[in-house]
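Asker: Take this structure first; my questions come after.
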Amino acid sequence: MSTFAVGDEDFLLDGRPVRLLSGALHYFRVHEGHWEHRLGMLRAMGLDCVETYVPWNLYEPEPGRYGDVAALGRFLDAVGRAGMRAIVRPGPYVCAEWENGGLPHWLTGPLGRRVRTRDPEFLAPVEAWFRRLLPQVVERQVDRGGPVVLVQVENEYGSYGSDPVYLEWLAGLLRECGVVVPLFTSDGPEDHMLTGGSVPGVLATANFGSGAREGFATLRRHQPSGPLMCMEFWCGWFDHWGTEHAVRDAEDAAAALREVLECGASVNVYMAHGGTNFGGWAGANRDGELHDGPLRPTVTSYDYDAPVDEAGRPTEKFRRFREVLAEYAEGPLPEVPEPPVRLAAPVRGGFEGWASLDAVLEVLGDEEVVAAVPPTFEELGVDRGLVRYRVAVPGPRRPYPLGVTGLRDRAVVYVDGALAGVLDTSGGEDVALAEPVAGPAVVDLWVESLGRVNYGPRLAEPKGITGGVRHERQYLHGVRARGLRLDAVEAAAVDKVRFEEAGGSGPGLHRAVLDVAGAGDAVLRLPGATRGFVWVNGFCLGRYWSAGPQEALFVPGPVLREGANEVWVLELEGDAGTGVALDVL
């Protein structure tokens, strides 16, 4: 079988110098029914390799309880059938604009800043996870006839920490688990990042979106020999809710790509195809130069202004990149694949049933917890979803400001069953209602996590009410908390919810049925809706929010079926709108 190695200046395949022309495609952000098409699009653009992360928290929601770990193996098999090579970045931390950077909430909750260090309480679950995951990689390495040629050690560690003992332990674990292909690290081309993130004897690569010559010069000061590679060539960017849509000029991006290749380097286009943050798995960032400011949650679409857009279509950037990459290809490029089947005609449908949030919580919620102070999401075992905190204001007492210390991230507040306001943390995490509250009263705070931080020093911070609920300066103790996890909203469970046929239009679970003829890829719109999540036939498309810039959700064709399609809309804040619209791409 073949061998793949790191030479003094080049990668070596069976001793022959090769350049990797790779593109990032996260298999977990693409419906499995579309993998083959998306890989074909990358090949047609001129790429011969594909790179993917592996998000730990997607596959181990509770310690020792694993999901579909074999999905990685199936994807790598698809890569092999497509005639491409593969680069795997297994973490344990991946960033990727993904919830918690891929780390499980049950681990970051108790450990906090001890994650991504040599701490034994972090290393033990990492080892257990890698021993479960890595056979999917090891069995598909190039020396065994598979596509895998490179495996990453951690991810951009120099942007976070400086624990060489941890990094060297992780590299050793990968070898112990059977990884024989070359290992690599990737960091920004800055001295402190390369110093903190590099491992002796492991290839260092650089991440940037422009200035290849300067970036590689910095890399060479730290690594005088070995292949040059831009492991993340940022050809676009991602969006946050409430901001403008990020776009990068196609001509500018193509010129920057050409500069990378003119340096004789290998490249990984990040992202070649972005896909979608299905299931509410989008992460969040902290604003500011040091990433310690207000929260900026990431939208559901991970289109990334990539050359292959969210729906798998070629863009102007695709055409420009294809022109550049064709000059470095071995032989003519394949034809661009035909797009997957698309929805034949628009479909509209009104809501046929409604259940209040309290009614949904009674059926789908976790057991209620009573505590002196508000438990965090992590303490309640809630990863993605919301928690209802209920607290009593003693009385009689005159009206005082009612506030929350340490709110993460957004709370819809009811006083004695009446909407009293929405608290957000755009100006800080200590917030109060606009109108004072008198006692006695019962206060419900429906708190939603808008995505755990995936990058920077605020990684691993908890969600929910992390401080307490105050009336004037007095903390209110004796809190009842009950979680509603997104995973609980599935076909078998929702069937137990009693829907009112002539229900309300506000917060709650809304049901619609769409009759589809000619199922295929589509987009879903919720005219007039405010904020929440939507499912089609039990598949969670992700979060919607009138804050924009995203105005529609991508619906993979394999999710739809001919005839009746059931749609559930979990509206959390305001009006659910006039119904559901499926539109043609």
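Chain labels A, B, ... are given in the sequence in which chains occur in the structure tokens; within each chain residues are numbered consecutively from 1, and ligands are likewise numbered from 1 in the order shown.
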Tell me, as a PDB file with N, CA and C atoms, in the first residue's frame, which residues lie within 8 Å of Val369 (chain A), counting only C-alpha atoms; anything in the same chain fewer than 5 positions away does not count.
Answerer:
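File produced: around14.pdb:
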```pdb
ATOM      1  N   LEU A 380     -27.686  21.190  35.109  1.00  0.00           N
ATOM      2  CA  LEU A 380     -28.957  20.554  34.783  1.00  0.00           C
ATOM      3  C   LEU A 380     -28.831  19.525  33.664  1.00  0.00           C
ATOM      4  N   ARG A 480     -36.811  27.055  41.314  1.00  0.00           N
ATOM      5  CA  ARG A 480     -37.246  25.829  40.637  1.00  0.00           C
ATOM      6  C   ARG A 480     -36.815  25.930  39.181  1.00  0.00           C
ATOM      7  N   ALA A 481     -36.049  24.945  38.705  1.00  0.00           N
ATOM      8  CA  ALA A 481     -35.495  24.988  37.343  1.00  0.00           C
ATOM      9  C   ALA A 481     -35.856  23.708  36.604  1.00  0.00           C
ATOM     10  N   ARG A 482     -36.235  23.880  35.341  1.00  0.00           N
ATOM     11  CA  ARG A 482     -36.605  22.722  34.525  1.00  0.00           C
ATOM     12  C   ARG A 482     -36.137  22.941  33.099  1.00  0.00           C
TER      13      ARG A 482
END
```
Asker: Just want the 12 Å neighbourhood of Pro224 (chain A), counted on only C-alpha atoms, with same-chain residues fewer than 4 positions away dropped. Output as a compact mmCIF listing (two decimals) with N, CA, C and O atoms, in the first residue's frame.
Answerer:
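Output (selection_35.txt):
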```
# COMPACT_ATOMS: atom_id res chain seq x y z
N ASP A 8 11.85 17.14 3.46
CA ASP A 8 12.51 18.39 3.84
C ASP A 8 11.81 19.61 3.27
O ASP A 8 11.82 20.68 3.88
N GLU A 9 11.18 19.45 2.08
CA GLU A 9 10.50 20.58 1.45
C GLU A 9 9.09 20.23 0.97
O GLU A 9 8.29 21.14 0.72
N LEU A 203 4.75 18.53 12.17
CA LEU A 203 4.69 19.58 11.16
C LEU A 203 3.79 20.72 11.61
O LEU A 203 2.63 20.49 12.00
N ALA A 204 4.28 21.94 11.55
CA ALA A 204 3.48 23.13 11.84
C ALA A 204 2.96 23.72 10.53
O ALA A 204 3.71 23.81 9.54
N PHE A 216 4.08 32.76 5.50
CA PHE A 216 5.03 31.65 5.39
C PHE A 216 6.42 32.05 5.90
O PHE A 216 7.17 31.21 6.43
N ALA A 217 6.78 33.33 5.76
CA ALA A 217 8.07 33.78 6.29
C ALA A 217 8.09 33.65 7.81
O ALA A 217 9.11 33.23 8.39
N THR A 218 6.98 33.99 8.45
CA THR A 218 6.89 33.81 9.90
C THR A 218 6.98 32.34 10.27
O THR A 218 7.68 31.96 11.21
N LEU A 219 6.26 31.51 9.52
CA LEU A 219 6.30 30.07 9.78
C LEU A 219 7.72 29.52 9.64
O LEU A 219 8.16 28.70 10.46
N ARG A 220 8.44 30.00 8.64
CA ARG A 220 9.81 29.51 8.42
C ARG A 220 10.76 29.89 9.57
O ARG A 220 11.74 29.18 9.83
N LEU A 228 5.54 23.63 3.22
CA LEU A 228 4.72 24.78 3.59
C LEU A 228 3.26 24.45 3.29
O LEU A 228 2.94 23.92 2.23
```
Asker: Choose the residue, out of A:Tyr400, A:Phe233, A:Tyr53, A:Phe533, that has the smallest atom-to-atom separation from Arg258 (chain A); count only C-alpha atoms.
Answerer: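 Selected residue with least distance to Arg258 (chain A): A:Phe233.
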Asker: Env of region 547-550 of chain A: 12 Å cut, atoms = only C-alpha atoms, seq-sep filter 4 positions within chain, self excluded. Answer as a ChimeraX atom specification.
Answerer: /A:238-246,276,297-303,523-526,528-532,542-543,554
Asker: Emit the selected residues as a CSV table (one decimal), in the first residue's frame, including N, CA, C and O atoms.
Answerer:
```
chain,number,residue,atom,x,y,z
A,238,PHE,N,-17.9,33.8,8.4
A,238,PHE,CA,-19.2,33.4,9.0
A,238,PHE,C,-20.0,34.6,9.5
A,238,PHE,O,-19.4,35.7,9.7
A,239,ASP,N,-21.3,34.4,9.7
A,239,ASP,CA,-22.1,35.5,10.2
A,239,ASP,C,-22.6,35.3,11.6
A,239,ASP,O,-22.7,34.2,12.1
A,240,HIS,N,-22.8,36.5,12.3
A,240,HIS,CA,-23.4,36.5,13.6
A,240,HIS,C,-24.8,37.1,13.5
A,240,HIS,O,-25.1,37.9,12.7
A,241,TRP,N,-25.7,36.6,14.4
A,241,TRP,CA,-27.0,37.2,14.4
A,241,TRP,C,-27.0,38.7,14.7
A,241,TRP,O,-26.2,39.1,15.6
A,242,GLY,N,-27.8,39.4,14.0
A,242,GLY,CA,-27.8,40.9,14.2
A,242,GLY,C,-26.7,41.7,13.6
A,242,GLY,O,-26.6,42.9,13.8
A,243,THR,N,-26.0,41.1,12.7
A,243,THR,CA,-24.9,41.8,12.0
A,243,THR,C,-25.2,41.7,10.4
A,243,THR,O,-26.1,41.1,10.0
A,244,GLU,N,-24.3,42.4,9.7
A,244,GLU,CA,-24.4,42.3,8.2
A,244,GLU,C,-23.8,41.0,7.7
A,244,GLU,O,-22.9,40.4,8.4
A,245,HIS,N,-24.3,40.5,6.6
A,245,HIS,CA,-23.8,39.3,6.0
A,245,HIS,C,-22.4,39.5,5.5
A,245,HIS,O,-22.1,40.5,4.8
A,246,ALA,N,-21.5,38.6,5.8
A,246,ALA,CA,-20.1,38.7,5.4
A,246,ALA,C,-19.9,38.2,4.0
A,246,ALA,O,-20.3,37.1,3.7
A,276,THR,N,-24.4,23.7,6.9
A,276,THR,CA,-25.4,24.3,7.8
A,276,THR,C,-25.2,23.8,9.2
A,276,THR,O,-24.9,22.6,9.4
A,297,PRO,N,-23.6,35.4,18.9
A,297,PRO,CA,-24.0,34.0,18.5
A,297,PRO,C,-23.9,33.9,16.9
A,297,PRO,O,-24.3,34.8,16.2
A,298,THR,N,-23.5,32.7,16.5
A,298,THR,CA,-23.4,32.4,15.1
A,298,THR,C,-24.7,32.0,14.5
A,298,THR,O,-25.5,31.2,15.1
A,299,VAL,N,-25.0,32.4,13.2
A,299,VAL,CA,-26.3,32.0,12.6
A,299,VAL,C,-26.3,30.5,12.2
A,299,VAL,O,-25.3,29.8,12.3
A,300,THR,N,-27.4,30.1,11.8
A,300,THR,CA,-27.6,28.7,11.5
A,300,THR,C,-26.9,28.3,10.2
A,300,THR,O,-26.3,27.3,10.0
A,301,SER,N,-26.9,29.2,9.2
A,301,SER,CA,-26.2,28.9,7.9
A,301,SER,C,-24.7,29.0,8.2
A,301,SER,O,-24.2,29.9,8.8
A,302,TYR,N,-24.0,28.0,7.6
A,302,TYR,CA,-22.5,28.1,7.6
A,302,TYR,C,-22.1,28.2,6.1
A,302,TYR,O,-21.1,27.6,5.7
A,303,ASP,N,-22.8,29.0,5.4
A,303,ASP,CA,-22.4,29.2,4.0
A,303,ASP,C,-21.0,29.7,3.8
A,303,ASP,O,-20.3,29.3,2.9
A,523,VAL,N,-35.8,26.0,0.6
A,523,VAL,CA,-35.6,26.9,1.7
A,523,VAL,C,-36.9,27.1,2.4
A,523,VAL,O,-38.0,27.1,1.8
A,524,LEU,N,-36.8,27.3,3.8
A,524,LEU,CA,-38.0,27.4,4.6
A,524,LEU,C,-38.0,28.8,5.2
A,524,LEU,O,-37.0,29.3,5.7
A,525,ARG,N,-39.2,29.5,5.1
A,525,ARG,CA,-39.4,30.8,5.7
A,525,ARG,C,-40.5,30.8,6.6
A,525,ARG,O,-41.5,30.0,6.5
A,526,LEU,N,-40.4,31.7,7.7
A,526,LEU,CA,-41.5,31.8,8.7
A,526,LEU,C,-41.9,33.3,8.7
A,526,LEU,O,-41.4,34.0,9.6
A,528,GLY,N,-43.0,36.7,9.7
A,528,GLY,CA,-43.5,37.3,10.9
A,528,GLY,C,-43.1,36.6,12.2
A,528,GLY,O,-43.4,37.1,13.3
A,529,ALA,N,-42.3,35.5,12.1
A,529,ALA,CA,-41.9,34.8,13.3
A,529,ALA,C,-40.7,35.6,14.0
A,529,ALA,O,-40.0,36.4,13.3
A,530,THR,N,-40.5,35.3,15.3
A,530,THR,CA,-39.5,36.1,16.0
A,530,THR,C,-38.2,35.3,16.3
A,530,THR,O,-37.2,35.7,15.7
A,531,ARG,N,-38.3,34.3,17.1
A,531,ARG,CA,-37.0,33.6,17.4
A,531,ARG,C,-37.4,32.2,17.9
A,531,ARG,O,-38.3,32.0,18.7
A,532,GLY,N,-36.7,31.2,17.4
A,532,GLY,CA,-36.9,29.8,17.9
A,532,GLY,C,-36.2,28.8,17.0
A,532,GLY,O,-35.2,29.1,16.4
A,542,GLY,N,-32.6,24.0,12.6
A,542,GLY,CA,-31.8,25.0,13.4
A,542,GLY,C,-32.6,26.2,13.9
A,542,GLY,O,-33.8,26.2,13.8
A,543,ARG,N,-31.8,27.2,14.3
A,543,ARG,CA,-32.5,28.4,14.9
A,543,ARG,C,-32.9,29.4,13.8
A,543,ARG,O,-32.1,29.6,12.8
A,554,PHE,N,-32.1,26.5,5.1
A,554,PHE,CA,-31.9,25.5,4.1
A,554,PHE,C,-32.5,24.2,4.5
A,554,PHE,O,-32.3,23.7,5.6
```
Asker: List as a ChimeraX atom specification the protein and nucleic acid residues near Leu386 (chain A), meaning an atom at most 12 Å away when only C-alpha atoms are counted, but skip any in the same chain fewer than 2 places from it.
Answerer: /A:280,357,361,364-366,376-378,380-384,388-389,408-412,445-451,463-465,481-488,532-533,570-573
Asker: Residues of the last selection are to be written out with N, CA and C atoms, as a CSV table (one decimal), in the first residue's frame.
Answerer:
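Output file out_3.csv is given in full below:
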```
chain,number,residue,atom,x,y,z
A,280,GLY,N,-29.3,23.2,15.9
A,280,GLY,CA,-28.9,24.2,16.9
A,280,GLY,C,-27.5,24.1,17.4
A,357,LEU,N,-45.7,26.9,25.9
A,357,LEU,CA,-44.4,26.5,26.4
A,357,LEU,C,-44.5,25.7,27.7
A,361,LEU,N,-43.3,21.9,28.1
A,361,LEU,CA,-42.4,21.5,29.2
A,361,LEU,C,-42.9,20.4,30.0
A,364,LEU,N,-42.3,17.2,27.5
A,364,LEU,CA,-41.0,17.0,27.0
A,364,LEU,C,-39.8,17.4,27.9
A,365,GLY,N,-40.1,18.1,29.0
A,365,GLY,CA,-39.1,18.7,29.8
A,365,GLY,C,-38.4,17.7,30.8
A,366,ASP,N,-37.3,18.0,31.3
A,366,ASP,CA,-36.6,17.2,32.3
A,366,ASP,C,-37.3,17.3,33.6
A,376,THR,N,-26.9,26.1,36.7
A,376,THR,CA,-26.6,26.4,35.4
A,376,THR,C,-27.1,25.3,34.4
A,377,PHE,N,-27.0,25.6,33.1
A,377,PHE,CA,-27.4,24.6,32.1
A,377,PHE,C,-26.5,23.3,32.3
A,378,GLU,N,-25.3,23.5,32.6
A,378,GLU,CA,-24.4,22.3,32.8
A,378,GLU,C,-24.8,21.5,34.0
A,380,LEU,N,-27.7,21.2,35.1
A,380,LEU,CA,-29.0,20.6,34.8
A,380,LEU,C,-28.8,19.5,33.7
A,381,GLY,N,-27.7,19.4,33.0
A,381,GLY,CA,-27.5,18.5,31.9
A,381,GLY,C,-28.1,19.0,30.6
A,382,VAL,N,-28.2,20.3,30.4
A,382,VAL,CA,-28.8,20.8,29.2
A,382,VAL,C,-27.7,21.3,28.3
A,383,ASP,N,-27.6,20.8,27.1
A,383,ASP,CA,-26.6,21.3,26.2
A,383,ASP,C,-27.2,22.4,25.3
A,384,ARG,N,-28.1,22.0,24.4
A,384,ARG,CA,-28.8,23.0,23.6
A,384,ARG,C,-30.3,23.0,23.9
A,388,ARG,N,-36.5,26.9,32.1
A,388,ARG,CA,-37.5,27.8,32.8
A,388,ARG,C,-37.1,27.8,34.3
A,389,TYR,N,-36.7,29.0,34.7
A,389,TYR,CA,-36.4,29.3,36.1
A,389,TYR,C,-37.6,29.9,36.8
A,408,ARG,N,-26.8,34.3,30.9
A,408,ARG,CA,-26.3,33.8,29.6
A,408,ARG,C,-27.3,32.8,29.0
A,409,ASP,N,-28.2,33.3,28.0
A,409,ASP,CA,-27.8,34.4,27.2
A,409,ASP,C,-29.0,35.4,27.1
A,410,ARG,N,-30.2,34.9,27.1
A,410,ARG,CA,-31.4,35.7,26.8
A,410,ARG,C,-32.5,35.1,27.6
A,411,ALA,N,-33.3,36.0,28.2
A,411,ALA,CA,-34.4,35.6,29.0
A,411,ALA,C,-35.7,36.3,28.7
A,412,VAL,N,-36.8,35.5,28.5
A,412,VAL,CA,-38.1,36.0,28.3
A,412,VAL,C,-38.8,35.9,29.7
A,445,LEU,N,-38.5,32.9,34.3
A,445,LEU,CA,-37.5,33.4,33.3
A,445,LEU,C,-37.2,32.2,32.4
A,446,TRP,N,-37.6,32.3,31.2
A,446,TRP,CA,-37.3,31.3,30.1
A,446,TRP,C,-36.0,31.7,29.5
A,447,VAL,N,-34.9,31.0,29.9
A,447,VAL,CA,-33.5,31.4,29.5
A,447,VAL,C,-33.1,30.4,28.4
A,448,GLU,N,-32.6,31.0,27.3
A,448,GLU,CA,-32.0,30.2,26.2
A,448,GLU,C,-30.5,30.4,26.0
A,449,SER,N,-29.8,29.4,25.8
A,449,SER,CA,-28.4,29.5,25.4
A,449,SER,C,-28.4,29.8,23.9
A,450,LEU,N,-27.7,30.8,23.5
A,450,LEU,CA,-27.6,31.2,22.1
A,450,LEU,C,-26.4,30.6,21.4
A,451,GLY,N,-25.7,29.7,22.1
A,451,GLY,CA,-24.5,29.0,21.6
A,451,GLY,C,-23.4,29.2,22.5
A,463,LYS,N,-23.7,28.2,30.9
A,463,LYS,CA,-24.9,28.9,30.4
A,463,LYS,C,-26.0,28.9,31.4
A,464,GLY,N,-27.0,29.8,31.2
A,464,GLY,CA,-28.1,29.9,32.1
A,464,GLY,C,-28.0,31.1,33.0
A,465,ILE,N,-28.5,31.0,34.2
A,465,ILE,CA,-28.3,32.1,35.2
A,465,ILE,C,-27.1,31.6,36.0
A,481,ALA,N,-36.0,24.9,38.7
A,481,ALA,CA,-35.5,25.0,37.3
A,481,ALA,C,-35.9,23.7,36.6
A,482,ARG,N,-36.2,23.9,35.3
A,482,ARG,CA,-36.6,22.7,34.5
A,482,ARG,C,-36.1,22.9,33.1
A,483,GLY,N,-35.4,22.0,32.6
A,483,GLY,CA,-34.8,22.2,31.2
A,483,GLY,C,-35.7,21.6,30.2
A,484,LEU,N,-35.6,22.2,29.0
A,484,LEU,CA,-36.2,21.7,27.8
A,484,LEU,C,-35.1,21.6,26.7
A,485,ARG,N,-34.6,20.3,26.5
A,485,ARG,CA,-33.5,20.1,25.6
A,485,ARG,C,-34.0,20.0,24.2
A,486,LEU,N,-33.3,20.5,23.2
A,486,LEU,CA,-33.7,20.3,21.8
A,486,LEU,C,-33.8,18.9,21.4
A,487,ASP,N,-33.0,18.0,21.9
A,487,ASP,CA,-33.0,16.6,21.6
A,487,ASP,C,-34.4,16.0,22.0
A,488,ALA,N,-35.1,16.6,23.0
A,488,ALA,CA,-36.3,16.0,23.5
A,488,ALA,C,-37.5,16.2,22.5
A,532,GLY,N,-36.7,31.2,17.4
A,532,GLY,CA,-36.9,29.8,17.9
A,532,GLY,C,-36.2,28.8,17.0
A,533,PHE,N,-36.8,27.6,17.0
A,533,PHE,CA,-36.3,26.5,16.2
A,533,PHE,C,-37.4,25.8,15.4
A,570,LEU,N,-40.9,25.9,17.2
A,570,LEU,CA,-40.9,26.2,18.7
A,570,LEU,C,-40.5,27.7,18.8
A,571,GLU,N,-41.5,28.5,18.9
A,571,GLU,CA,-41.4,30.0,19.0
A,571,GLU,C,-41.1,30.3,20.5
A,572,LEU,N,-40.0,31.1,20.8
A,572,LEU,CA,-39.6,31.3,22.1
A,572,LEU,C,-39.9,32.7,22.7
A,573,GLU,N,-40.1,33.6,21.8
A,573,GLU,CA,-40.1,35.0,22.3
A,573,GLU,C,-41.3,35.8,21.9
```
Asker: DSSP on the backbone, then: every residue of region 161-388 of chain A marked strand (DSSP E), written as JSON, numbers by chain.
Answerer: {"A": [183, 184, 185, 186, 187, 203, 204, 205, 206, 207, 208, 229, 230, 231, 232, 233, 234, 266, 267, 268, 269, 270, 271, 272, 273, 284, 285, 286, 295, 296, 297, 347, 348, 349, 351, 352, 353, 354, 355, 369, 370, 371, 385, 386, 387, 388]}
